[in-house]
Structure formats: C-alpha cells, structure tokens
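A.B. asks: So that you have it, the file is my_file-v2.txt, and it contains compact mmCIF, C-alpha atoms and all ligand atoms:
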```txt
# COMPACT_ATOMS: atom_id res chain seq x y z
CA MET R 1 16.75 4.75 147.83
CA ALA R 2 14.41 7.55 148.86
CA PRO R 3 17.22 10.15 149.36
CA SER R 4 18.69 9.59 145.88
CA LYS R 5 15.23 9.96 144.32
CA SER R 6 14.78 13.38 145.89
CA ASN R 7 18.33 14.27 144.76
CA PHE R 8 17.33 13.41 141.22
CA SER R 9 14.32 15.72 141.23
CA ILE R 10 16.28 18.68 142.62
CA THR R 11 19.39 18.45 140.47
CA THR R 12 17.81 17.47 137.18
CA PHE R 13 14.39 19.11 137.17
CA PHE R 14 15.60 22.72 137.28
CA PRO R 15 18.35 22.44 134.67
CA LEU R 16 15.91 20.55 132.46
CA THR R 17 13.34 23.32 132.75
CA PHE R 18 16.04 25.84 131.93
CA ILE R 19 17.14 23.94 128.83
CA VAL R 20 13.55 23.58 127.61
CA LEU R 21 12.97 27.32 128.10
CA LEU R 22 16.22 28.17 126.34
CA ASN R 23 15.23 25.97 123.40
CA LEU R 24 11.86 27.69 123.21
CA MET R 25 13.49 31.12 123.24
CA ILE R 26 15.99 30.17 120.52
CA SER R 27 13.39 28.63 118.22
CA TYR R 28 11.10 31.64 118.80
CA SER R 29 13.81 34.12 117.86
CA PHE R 30 14.62 32.17 114.68
CA ALA R 31 10.95 31.99 113.75
CA HIS R 32 10.57 35.77 114.25
CA PRO R 33 13.85 37.32 113.15
CA HIS R 34 12.43 40.87 112.83
CA LYS R 35 9.89 40.80 115.60
CA GLY R 36 11.02 44.12 117.09
CA VAL R 37 11.38 46.02 113.82
CA HIS R 38 8.94 44.58 111.32
CA PRO R 39 10.10 45.34 107.74
CA ASN R 40 6.71 46.90 106.93
CA ASP R 41 7.27 49.53 109.66
CA VAL R 42 10.50 50.94 108.21
CA ASP R 43 9.03 53.25 105.56
CA ALA R 44 6.43 54.81 107.89
CA LEU R 45 9.04 55.72 110.49
CA GLN R 46 11.55 56.92 107.91
CA PHE R 47 8.86 59.21 106.51
CA ALA R 48 8.77 60.95 109.89
CA LEU R 49 12.44 61.94 109.42
CA ASN R 50 11.32 64.63 106.96
CA LEU R 51 9.41 66.42 109.72
CA GLU R 52 11.94 65.69 112.45
CA HIS R 53 14.73 67.19 110.30
CA LEU R 54 12.61 70.26 109.66
CA GLU R 55 11.92 70.74 113.36
CA ALA R 56 15.52 70.05 114.41
CA ASP R 57 17.05 72.74 112.22
CA PHE R 58 14.25 75.25 112.81
CA PHE R 59 14.54 74.99 116.60
CA LEU R 60 18.35 74.68 116.76
CA HIS R 61 18.87 77.69 114.49
CA GLY R 62 16.11 79.71 116.13
CA SER R 63 17.56 79.25 119.61
CA SER R 64 21.30 79.25 118.92
CA GLY R 65 22.00 80.37 115.36
CA LYS R 66 23.66 76.98 114.75
CA GLY R 67 22.36 73.93 112.93
CA LEU R 68 22.35 70.13 113.16
CA GLU R 69 25.88 70.01 111.70
CA ASP R 70 27.16 71.89 114.76
CA PHE R 71 25.54 69.58 117.32
CA ALA R 72 25.22 66.16 115.65
CA PRO R 73 27.01 66.14 112.27
CA GLU R 74 26.62 62.34 112.01
CA LEU R 75 22.85 62.85 111.67
CA VAL R 76 23.20 65.27 108.74
CA GLY R 77 24.57 62.52 106.49
CA GLY R 78 25.94 65.03 103.99
CA GLY R 79 22.57 66.71 103.38
CA PRO R 80 22.65 70.39 102.29
CA PRO R 81 22.33 73.24 104.81
CA PRO R 82 18.81 74.62 105.24
CA ILE R 83 17.94 77.71 103.20
CA GLY R 84 17.46 80.90 105.19
CA ALA R 85 17.51 79.52 108.75
CA SER R 86 18.53 82.09 111.34
CA LYS R 87 18.75 82.87 115.01
CA ALA R 88 15.52 84.35 116.31
CA ASN R 89 15.17 87.39 118.51
CA LEU R 90 13.92 85.45 121.57
CA ASP R 91 13.39 86.40 125.20
CA ASN R 92 14.91 84.09 127.81
CA LEU R 93 11.82 82.01 128.50
CA THR R 94 11.14 81.38 124.82
CA LYS R 95 14.80 80.68 124.16
CA ASP R 96 14.90 78.05 126.94
CA ILE R 97 11.82 76.32 125.51
CA ILE R 98 13.10 76.33 121.94
CA THR R 99 16.60 75.20 122.94
CA GLU R 100 15.05 72.17 124.64
CA PHE R 101 12.81 71.44 121.64
CA GLY R 102 15.83 71.56 119.32
CA PHE R 103 17.78 69.01 121.34
CA GLU R 104 14.69 66.80 121.65
CA GLU R 105 14.60 66.64 117.85
CA VAL R 106 18.26 65.59 117.80
CA GLY R 107 17.34 62.65 120.04
CA HIS R 108 14.41 61.77 117.79
CA LEU R 109 16.59 61.78 114.67
CA ARG R 110 19.21 59.62 116.42
CA ILE R 111 16.78 56.96 117.64
CA ILE R 112 14.76 56.78 114.42
CA LYS R 113 17.91 56.39 112.32
CA ALA R 114 19.34 53.81 114.75
CA THR R 115 16.11 51.79 114.74
CA VAL R 116 14.98 51.81 111.10
CA GLY R 117 17.83 53.53 109.21
CA GLY R 118 17.23 56.68 107.22
CA PHE R 119 18.52 59.20 104.73
CA PRO R 120 20.57 62.43 104.82
CA ARG R 121 18.98 65.73 105.84
CA PRO R 122 16.71 66.78 102.95
CA GLN R 123 16.90 70.26 101.44
CA LEU R 124 14.87 72.46 103.83
CA ASP R 125 13.60 75.99 103.27
CA LEU R 126 13.41 77.80 106.61
CA SER R 127 13.68 81.27 105.11
CA PRO R 128 11.55 84.21 106.25
CA HIS R 129 10.27 84.27 102.65
CA ASN R 130 8.82 80.74 102.96
CA PHE R 131 7.10 81.53 106.27
CA ALA R 132 5.83 84.84 104.90
CA LYS R 133 4.23 82.98 102.01
CA ILE R 134 2.45 80.60 104.43
CA PHE R 135 1.00 83.53 106.39
CA ASP R 136 0.08 85.37 103.17
CA ASP R 137 -1.75 82.24 101.97
CA ALA R 138 -3.40 81.92 105.40
CA PHE R 139 -4.77 85.48 105.23
CA GLY R 140 -5.52 85.33 101.53
CA ARG R 141 -3.52 88.51 100.85
CA PRO R 142 0.09 89.68 101.25
CA LEU R 143 0.82 90.88 104.79
CA SER R 144 2.75 94.12 104.89
CA PRO R 145 5.55 94.04 105.94
CA PRO R 146 6.05 90.32 105.12
CA PHE R 147 5.77 88.10 108.24
CA ASP R 148 9.20 87.44 109.73
CA PRO R 149 9.37 84.32 111.95
CA TYR R 150 12.69 85.35 113.45
CA ASN R 151 11.75 88.90 114.44
CA SER R 152 10.30 88.27 117.92
CA SER R 153 9.37 85.57 120.42
CA LEU R 154 5.70 85.84 119.49
CA ASN R 155 6.40 85.62 115.75
CA TYR R 156 8.66 82.62 116.36
CA MET R 157 5.99 80.81 118.39
CA LEU R 158 3.41 81.55 115.68
CA ALA R 159 5.81 80.07 113.13
CA SER R 160 6.33 77.06 115.46
CA TYR R 161 2.55 76.56 115.53
CA VAL R 162 2.93 75.48 111.90
CA ILE R 163 5.26 72.48 112.47
CA PRO R 164 5.07 69.93 115.39
CA TYR R 165 1.29 69.65 115.02
CA MET R 166 1.85 67.93 111.67
CA GLY R 167 4.08 65.39 113.45
CA ILE R 168 1.35 64.42 115.91
CA LEU R 169 -1.16 63.79 113.13
CA GLY R 170 1.35 61.79 111.13
CA TYR R 171 2.23 59.55 114.11
CA VAL R 172 -1.43 59.00 114.99
CA GLY R 173 -2.03 58.09 111.35
CA ALA R 174 0.93 55.67 111.16
CA ASN R 175 0.19 53.87 114.43
CA PRO R 176 -2.49 51.36 113.32
CA SER R 177 -0.25 49.95 110.57
CA LEU R 178 2.80 49.21 112.74
CA ASN R 179 3.67 45.57 113.50
CA GLY R 180 6.84 45.41 115.60
CA HIS R 181 6.94 46.02 119.36
CA LYS R 182 10.13 48.06 119.06
CA THR R 183 8.69 50.38 116.41
CA LYS R 184 5.40 50.72 118.33
CA ARG R 185 7.33 51.74 121.44
CA LEU R 186 9.36 54.21 119.36
CA LEU R 187 6.29 55.76 117.77
CA ALA R 188 4.51 56.17 121.12
CA GLY R 189 7.56 57.91 122.54
CA LEU R 190 7.86 60.25 119.56
CA LEU R 191 4.14 61.02 119.60
CA GLY R 192 4.23 61.86 123.30
CA VAL R 193 6.96 64.46 122.91
CA GLU R 194 5.58 65.99 119.69
CA ALA R 195 2.19 66.36 121.40
CA GLY R 196 3.91 67.93 124.39
CA GLN R 197 5.76 70.44 122.21
CA ASP R 198 2.55 71.36 120.41
CA ALA R 199 0.74 71.80 123.73
CA VAL R 200 3.47 74.13 125.02
CA ILE R 201 3.31 76.21 121.82
CA ARG R 202 -0.48 76.35 121.87
CA SER R 203 -0.76 77.28 125.54
CA TYR R 204 1.90 79.99 125.05
CA LEU R 205 -0.22 81.41 122.22
CA PHE R 206 -3.49 80.89 124.15
CA GLU R 207 -2.16 83.07 126.98
CA ARG R 208 -1.74 85.80 124.36
CA ALA R 209 -4.87 84.96 122.32
CA THR R 210 -6.29 88.49 122.31
CA GLU R 211 -2.95 90.29 121.76
CA ILE R 212 -2.39 92.02 118.45
CA VAL R 213 0.51 90.67 116.38
CA HIS R 214 2.28 93.90 115.48
CA PRO R 215 2.16 95.48 113.00
CA TYR R 216 -0.72 93.48 111.49
CA ASN R 217 -3.86 94.41 113.44
CA HIS R 218 -4.79 90.73 113.75
CA THR R 219 -4.91 88.87 117.06
CA VAL R 220 -2.85 85.82 117.94
CA ALA R 221 -6.08 83.75 117.96
CA GLU R 222 -6.88 84.89 114.43
CA PHE R 223 -3.39 83.96 113.22
CA THR R 224 -3.82 80.40 114.56
CA ASP R 225 -7.31 80.12 113.10
CA ARG R 226 -6.08 81.22 109.67
CA VAL R 227 -3.13 78.81 109.69
CA SER R 228 -5.34 75.89 110.77
CA LYS R 229 -7.86 76.67 108.03
CA LEU R 230 -5.07 76.90 105.46
CA ARG R 231 -3.76 73.47 106.52
CA ASN R 232 -7.24 71.95 106.26
CA LYS R 233 -7.55 73.41 102.78
CA LEU R 234 -4.13 72.21 101.61
CA ALA R 235 -4.51 68.71 103.08
CA ASN R 236 -7.94 68.49 101.42
CA ASN R 237 -9.52 65.87 103.64
CA GLY R 238 -11.92 67.56 106.05
CA VAL R 239 -11.36 69.49 109.27
CA LYS R 240 -8.46 68.05 111.26
CA ASP R 241 -6.96 71.28 112.47
CA GLU R 242 -8.38 73.99 114.74
CA GLY R 243 -7.09 77.32 116.08
CA ILE R 244 -6.73 78.13 119.78
CA VAL R 245 -10.16 79.80 120.08
CA VAL R 246 -13.13 78.17 118.34
CA PRO R 247 -16.92 78.34 118.17
CA LEU R 248 -18.48 76.24 120.96
CA ALA R 249 -19.53 73.63 118.39
CA SER R 250 -15.84 72.80 117.83
CA GLY R 251 -14.80 72.94 121.49
CA ALA R 252 -14.53 69.98 123.89
CA GLU R 253 -18.04 68.48 124.26
CA ASN R 254 -19.44 71.69 122.68
CA LYS R 255 -18.73 73.40 125.99
CA THR R 256 -15.54 75.42 125.54
CA SER R 257 -14.38 78.03 123.08
CA ALA R 258 -10.93 77.70 124.58
CA ASN R 259 -9.16 75.20 122.33
CA VAL R 260 -5.71 74.81 123.83
CA LEU R 261 -5.55 71.38 122.20
CA SER R 262 -6.82 70.59 118.72
CA ALA R 263 -8.85 67.37 118.80
CA ASP R 264 -11.88 65.60 117.32
CA TYR R 265 -15.47 64.93 118.49
CA ASN R 266 -14.24 62.55 121.20
CA SER R 267 -11.27 64.78 122.06
CA LEU R 268 -8.86 62.40 120.33
CA SER R 269 -5.95 63.74 118.27
CA TYR R 270 -6.72 63.86 114.57
CA SER R 271 -4.75 61.69 112.17
CA ARG R 272 -3.30 62.39 108.75
CA THR R 273 -1.82 60.25 105.96
CA PRO R 274 1.65 60.95 104.52
CA ALA R 275 0.00 62.40 101.38
CA GLU R 276 -2.00 64.90 103.46
CA ILE R 277 1.11 65.89 105.38
CA LEU R 278 3.12 66.44 102.21
CA ARG R 279 0.37 68.61 100.70
CA VAL R 280 0.79 70.92 103.69
CA LEU R 281 4.60 70.79 103.97
CA TYR R 282 4.96 71.47 100.23
CA GLY R 283 2.43 74.29 100.50
CA SER R 284 1.17 73.18 97.10
CA GLY R 285 -1.86 71.14 98.12
CA SER R 286 -0.38 68.23 96.13
CA GLU R 287 1.88 65.42 97.34
CA HIS R 288 3.27 65.31 93.78
CA THR R 289 4.40 68.96 93.71
CA PRO R 290 7.30 69.82 96.05
CA GLY R 291 7.80 73.30 97.43
CA GLY R 292 7.43 75.15 100.73
CA PHE R 293 9.56 73.62 103.48
CA LEU R 294 10.83 70.84 101.16
CA PRO R 295 11.67 72.52 97.85
CA LYS R 296 13.14 69.30 96.40
CA GLY R 297 10.53 67.04 97.97
CA GLY R 298 10.67 64.69 100.95
CA ASP R 299 13.05 61.75 101.10
CA GLY R 300 12.33 58.07 101.85
CA LYS R 301 10.26 55.54 99.93
CA ILE R 302 6.84 57.03 100.74
CA ALA R 303 7.53 60.65 99.79
CA LYS R 304 9.55 59.61 96.72
CA SER R 305 6.78 57.31 95.47
CA PHE R 306 4.55 60.39 95.03
CA LEU R 307 7.27 62.34 93.21
CA HIS R 308 7.70 59.67 90.55
CA ILE R 309 4.06 59.64 89.47
C1 LIG P 1 18.38 86.56 130.19
O1 LIG P 1 19.48 85.69 130.33
C2 LIG P 1 20.74 86.35 130.31
C3 LIG P 1 21.83 85.29 130.27
O2 LIG P 1 21.53 84.21 131.08
C4 LIG P 1 20.82 87.29 131.51
O3 LIG P 1 22.05 87.97 131.50
C5 LIG P 1 19.68 88.30 131.43
O4 LIG P 1 19.66 89.12 132.58
C6 LIG P 1 18.36 87.59 131.32
N1 LIG P 1 17.30 88.57 131.03
C7 LIG P 1 16.20 88.66 131.76
C8 LIG P 1 15.22 89.70 131.34
O5 LIG P 1 15.95 87.92 132.69
C1 LIG P 2 9.58 93.29 114.41
O1 LIG P 2 9.38 93.49 115.79
C2 LIG P 2 9.24 94.84 116.19
C3 LIG P 2 9.05 94.88 117.70
O2 LIG P 2 9.86 93.95 118.33
C4 LIG P 2 8.07 95.47 115.49
O3 LIG P 2 8.00 96.85 115.80
C5 LIG P 2 8.21 95.29 113.98
O4 LIG P 2 7.06 95.78 113.33
C6 LIG P 2 8.40 93.83 113.65
N1 LIG P 2 8.60 93.64 112.22
C7 LIG P 2 8.15 92.58 111.60
C8 LIG P 2 8.41 92.50 110.14
O5 LIG P 2 7.55 91.67 112.16
C1 LIG P 3 -8.03 96.83 113.23
O1 LIG P 3 -8.98 95.78 113.36
C2 LIG P 3 -10.16 96.16 114.02
C3 LIG P 3 -11.01 94.92 114.22
O2 LIG P 3 -11.08 94.13 113.07
C4 LIG P 3 -10.87 97.23 113.18
O3 LIG P 3 -12.03 97.67 113.82
C5 LIG P 3 -9.90 98.42 113.00
O4 LIG P 3 -10.48 99.39 112.14
C6 LIG P 3 -8.59 97.97 112.43
N1 LIG P 3 -7.62 99.05 112.44
C7 LIG P 3 -6.88 99.35 111.39
C8 LIG P 3 -5.92 100.48 111.55
O5 LIG P 3 -6.91 98.71 110.34
C1 LIG P 4 -22.08 69.31 119.35
O1 LIG P 4 -23.10 69.99 118.65
C2 LIG P 4 -23.36 69.48 117.36
C3 LIG P 4 -24.41 70.36 116.73
O2 LIG P 4 -23.94 71.67 116.66
C4 LIG P 4 -23.82 68.03 117.45
O3 LIG P 4 -23.99 67.51 116.16
C5 LIG P 4 -22.78 67.21 118.21
O4 LIG P 4 -23.27 65.92 118.43
C6 LIG P 4 -22.43 67.85 119.55
N1 LIG P 4 -21.29 67.15 120.13
C7 LIG P 4 -21.34 66.59 121.34
C8 LIG P 4 -20.10 65.90 121.81
O5 LIG P 4 -22.31 66.64 122.06
```
Would you encode the structure as structure tokens?
C.D. replies:
Amino acid sequence: MAPSKSNFSITTFFPLTFIVLLNLMISYSFAHPHKGVHPNDVDALQFALNLEHLEADFFLHGSSGKGLEDFAPELVGGGPPPIGASKANLDNLTKDIITEFGFEEVGHLRIIKATVGGFPRPQLDLSPHNFAKIFDDAFGRPLSPPFDPYNSSLNYMLASYVIPYMGILGYVGANPSLNGHKTKRLLAGLLGVEAGQDAVIRSYLFERATEIVHPYNHTVAEFTDRVSKLRNKLANNGVKDEGIVVPLASGAENKTSANVLSADYNSLSYSRTPAEILRVLYGSGSEHTPGGFLPKGGDGKIAKSFLHI
C-alpha cells in the first residue's frame, strides 16, 4: 500500500494547507475590517485637503488661468470658486514647473478623497490683496506698490514659498498618530511630493538669493527670511521655519549658511500640529479666527472643531 500512501500525502496535503491558509486570511480580515484605513486616521488626512485644495487652485490658475473645475470638476464638490486667483506672468521654465505642481495636486486630492472621503473645495482667497497682506506683515510695513504674486516668475515663486512648506510640516506632524497601512502609505507618498515641490521652489529662490526683488530694494533671501519669521510668529510654537540663507548656527551641523532645505538640529523636517498650521493659513495667529487663505475657515472635523469654540 506504499504507493497509495504517497498519493494521499501529495493530493491532500497541499489542498489542506491552502484551505487552512484561506481560513486564516478570512478570519483575519473579519477581525480587522478597517486595517488599511483605520477610522482614527480619517480626520488627519481630511485636514490635509484644506492645503491641497489651496495648492491645486493656486498652481492651476497660476500656470493656465483655469481652476480645478476645468480639470477635475468632480473634486470641486460644488465648492465656491477661489477669490482673486489669476494666471501669472511666467517664463517657460517656471510655467512648466508650476503646471506640473498643479496636476500633482489634482492627483493628491483624488487619492485622499478616494481613500478617506472628504469635503467640497473650501472658500479660498488667492487674491493679490491677500498675498500683499502676508508680505506686508512679513516686513512689518506696507510694501509699495503692494506685492503682486502674479506679476512675474520671481514674485510667483516667492508666493509659492508660502504654501507647500506648510504641507510638509503637517504631514510630518500627522505621521506618528496614523494606524492603518494604507493611510501610512498615502501619507508617505504625499509627504515625498510636497517636500520635493518645496525643494524645487527653495532651490529656484536660492539660485537668486542675492537678487533684488523689484521694485522693493530687498533681496530674495531677505524675502524668504521675513516670511519664515512671520510663520514662526503666527504659529507661536518656536522656530520651525527658516529662510534660504541663515546664520551658521542655524545651518546644517552649524557649517553652512546655505539653507536650501529648512530642517532641525538633526536635519530632520520640522513638524506642526493642525492648530499651528491654521494659525498661519488664517494669517490671524489663532486657529479660532479664520481669514487669510481660508476666509470662512478650514473644512473637516479638525478645523471645524476649533471654529466652534
Ligand atoms: C516659450 O514657449 C513658447 C511656446 O512653447 C515658445 O513659442 C517660445 O519661443 C518659448 N520662449 C522661450 C524664451 O523659449
Ligand atoms: C511687475 O514686474 C515689472 C517687471 O516685470 C516691474 O517693473 C514692476 O515693478 C512689477 N510690479 C509689481 C507690483 O511687482
Ligand atoms: C537699498 O538697500 C540698501 C541695503 O539695505 C541700502 O544701502 C540702500 O540705501 C537702499 N536703497 C534705497 C533706494 O532705499
Ligand atoms: C551648533 O552651535 C550651537 C551653539 O551656537 C550648539 O548649541 C549646537 O549644539 C551646535 N549644533 C551642532 C549640530 O553641533
């Protein structure tokens, strides 16, 4: 009976193993119904939609004169058009960069909304007036004429310096609290591209660090330094933001005044909480007082929880 014994082990052992494995997989998936998208992760990733919407319409309008409704109306969700967005006066290189950034934000909005759901585009203020106020606040006096983000490639890149950096810090801040593998993968992918965009903007400005931003008699480096200091002041939780040229004591290992990337003592990206980010985006220094880029406040559970206090 030796042959039939070996037949038994070949024909029954493998199917049996398969069935046991299948059972394990089924019971695992019932025991962990939301393993990929943990319910606690939803609010943190939805919060990021406020910034991603801001970036999408700023970059799409700046490069093409058209907004999210022209490229991906399903992602607008009936939200109002941004206030004061316009096509910028860009040279070809800058236009290529900003066009790419704009479409990258469309992808980010699509995947965030598909993974954790979301809300319609919030009311955004992308008007020259809003940017002019940021630069006035940064310099502590009204610039004359008022800063116009759409006037030139350099002005547009200086205005862009203001935005994706906040995304990096928000993603770094949200990371430790995420539970699901799918949301962790999503956050890492978003963080990578936001950091890349910020690096492109900063190296563009670093190449021009000593140029004067006409007609203001201030260099590009000084503009970045002023904006970074303003953001530290508004966020009100220490230094987490540095311009493109710094004293050696703030450079990498105290050895460089070049500061193409803004990072901490160990050259790690800084992190910010949603409240810190809202203080900057609102321009008010308070997560309870909307204004600036989000005149009616941010959407989603986190931003709204501050508005109802
Ligand atoms: C910029 O791009 C346009 C359209 O592609 C082209 O006609 C023009 O010559 C380019 N300008 C420069 C300075 O390269
Ligand atoms: C706009 O740009 C031109 C040069 O391209 C410059 O002469 C002018 O001063 C700028 N105006 C503003 C408000 O930035
Ligand atoms: C421009 O700035 C430089 C350096 O701060 C200063 O020496 C110069 O007087 C300024 N020029 C004008 C016209 O304000
Ligand atoms: C940089 O210098 C400061 C003093 O100015 C010191 O406290 C700090 O430890 C130095 N950082 C590094 C990475 O050596």
A.B. asks: To one decimal place in Å, what is the distance between atom CA of Gly77 of chain R and atom CA of Ala56 of chain R?
C.D. replies: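 If I compute the distance from atom CA of Gly77 of chain R to atom CA of Ala56 of chain R, I get 14.2 Å.
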A.B. asks: Give the residues close to ligand LIG 1 (chain P), within 12 Å, counting only C-alpha atoms and all ligand atoms; write them as a list of chain:residue names.
C.D. replies: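 My answer, listing the contacting residues, is R:Leu90, R:Asp91, R:Asn92, R:Leu93, R:Thr94, R:Lys95, R:Asp96.
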A.B. asks: Please identify all protein, DNA and RNA residues within 9 Å of ligand LIG 3 (chain P), counting only C-alpha atoms and all ligand atoms, and report them as a PDB file with C-alpha atoms, keeping the file's coordinate frame.
C.D. replies:
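Written output follows (result-v5.pdb):
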```
ATOM      1  CA  TYR R 216      -0.720  93.480 111.490  1.00  0.00           C
ATOM      2  CA  ASN R 217      -3.860  94.410 113.440  1.00  0.00           C
ATOM      3  CA  HIS R 218      -4.790  90.730 113.750  1.00  0.00           C
ATOM      4  CA  THR R 219      -4.910  88.870 117.060  1.00  0.00           C
TER       5      THR R 219
END
```
A.B. asks: If I wrap all listed atoms of ligand LIG 2 (chain P) in a box with edges along x, y and z and add 5 Å on each side, what are its centre and edge lengths in Å to one decimal, as lines of an AutoDock Vina configuration file?
C.D. replies:
```
center_x = 8.5
center_y = 94.3
center_z = 114.2
size_x = 12.8
size_y = 15.2
size_z = 18.2
```
A.B. asks: Would you mind telling me which residue in R:Ala114, R:Leu307, R:Ala132, R:Leu205 lies nearest to ligand LIG 2 (chain P) when using only C-alpha atoms and all ligand atoms?
C.D. replies: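 Ranked by minimum distance to ligand LIG 2 (chain P), first place goes to R:Ala132.
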A.B. asks: Would you mind reading off the distance between atom CA of Ser305 of chain R and atom CA of Phe119 of chain R, one decimal, in Å?
C.D. replies: 15.1 Å
A.B. asks: Excluding Tyr150 of chain R and its own-chain neighbours fewer than 5 positions away, which residues fall within 10 Å of it when counting all atoms listed in the file? Please give them as a PyMOL selection string.
C.D. replies: chain R and resi 61-63+85-90+127-128+131+155-157+159
A.B. asks: As a quick test: using only C-alpha atoms and all ligand atoms, which residues lie no more than 7 Å away from ligand LIG 2 (chain P)? Give them as a count of residues only.
C.D. replies: 8
A.B. asks: Which of these residues is nearest to Gly192 of chain R, using all atoms listed in the file: R:Leu248, R:Ile212, R:Leu178, R:Leu169?
C.D. replies: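 Counting all atoms listed in the file, the residue closest to Gly192 of chain R is R:Leu169.
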A.B. asks: Just give me the residues with any atom within 9 Å of (7.8, 61.8, 111.8), file coordinates, counting all atoms listed in the file, written as a CSV table (one decimal) with C-alpha atoms, in the frame of the given file.
C.D. replies:
```csv
chain,number,residue,atom,x,y,z
R,44,ALA,CA,6.4,54.8,107.9
R,45,LEU,CA,9.0,55.7,110.5
R,46,GLN,CA,11.6,56.9,107.9
R,47,PHE,CA,8.9,59.2,106.5
R,48,ALA,CA,8.8,61.0,109.9
R,49,LEU,CA,12.4,61.9,109.4
R,50,ASN,CA,11.3,64.6,107.0
R,51,LEU,CA,9.4,66.4,109.7
R,52,GLU,CA,11.9,65.7,112.4
R,53,HIS,CA,14.7,67.2,110.3
R,108,HIS,CA,14.4,61.8,117.8
R,112,ILE,CA,14.8,56.8,114.4
R,166,MET,CA,1.8,67.9,111.7
R,167,GLY,CA,4.1,65.4,113.4
R,168,ILE,CA,1.4,64.4,115.9
R,170,GLY,CA,1.4,61.8,111.1
R,171,TYR,CA,2.2,59.6,114.1
R,187,LEU,CA,6.3,55.8,117.8
R,190,LEU,CA,7.9,60.2,119.6
R,191,LEU,CA,4.1,61.0,119.6
```
A.B. asks: How far is it from atom CA of Gly78 of chain R to atom CA of Ile111 of chain R, in Å with one decimal?
C.D. replies: 18.3 Å
A.B. asks: Identify which of the residues R:Ser153, R:Asn179, R:Ser267, R:Thr99 lies closest to ligand LIG 4 (chain P), counting only C-alpha atoms and all ligand atoms when measuring atom-to-atom distances.
C.D. replies: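 Closest candidate: R:Ser267.
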A.B. asks: How would you report the residues lying within 10 Å of ligand LIG 4 (chain P), as a list in words, if you count all atoms listed in the file?
C.D. replies: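 Sorted by chain and then by number, the residues are Pro247, Leu248, Ala249, Ser250, Gly251, Ala252, Glu253, Asn254, Lys255, Asp264, Tyr265, Asn266 and Ser267 of chain R.
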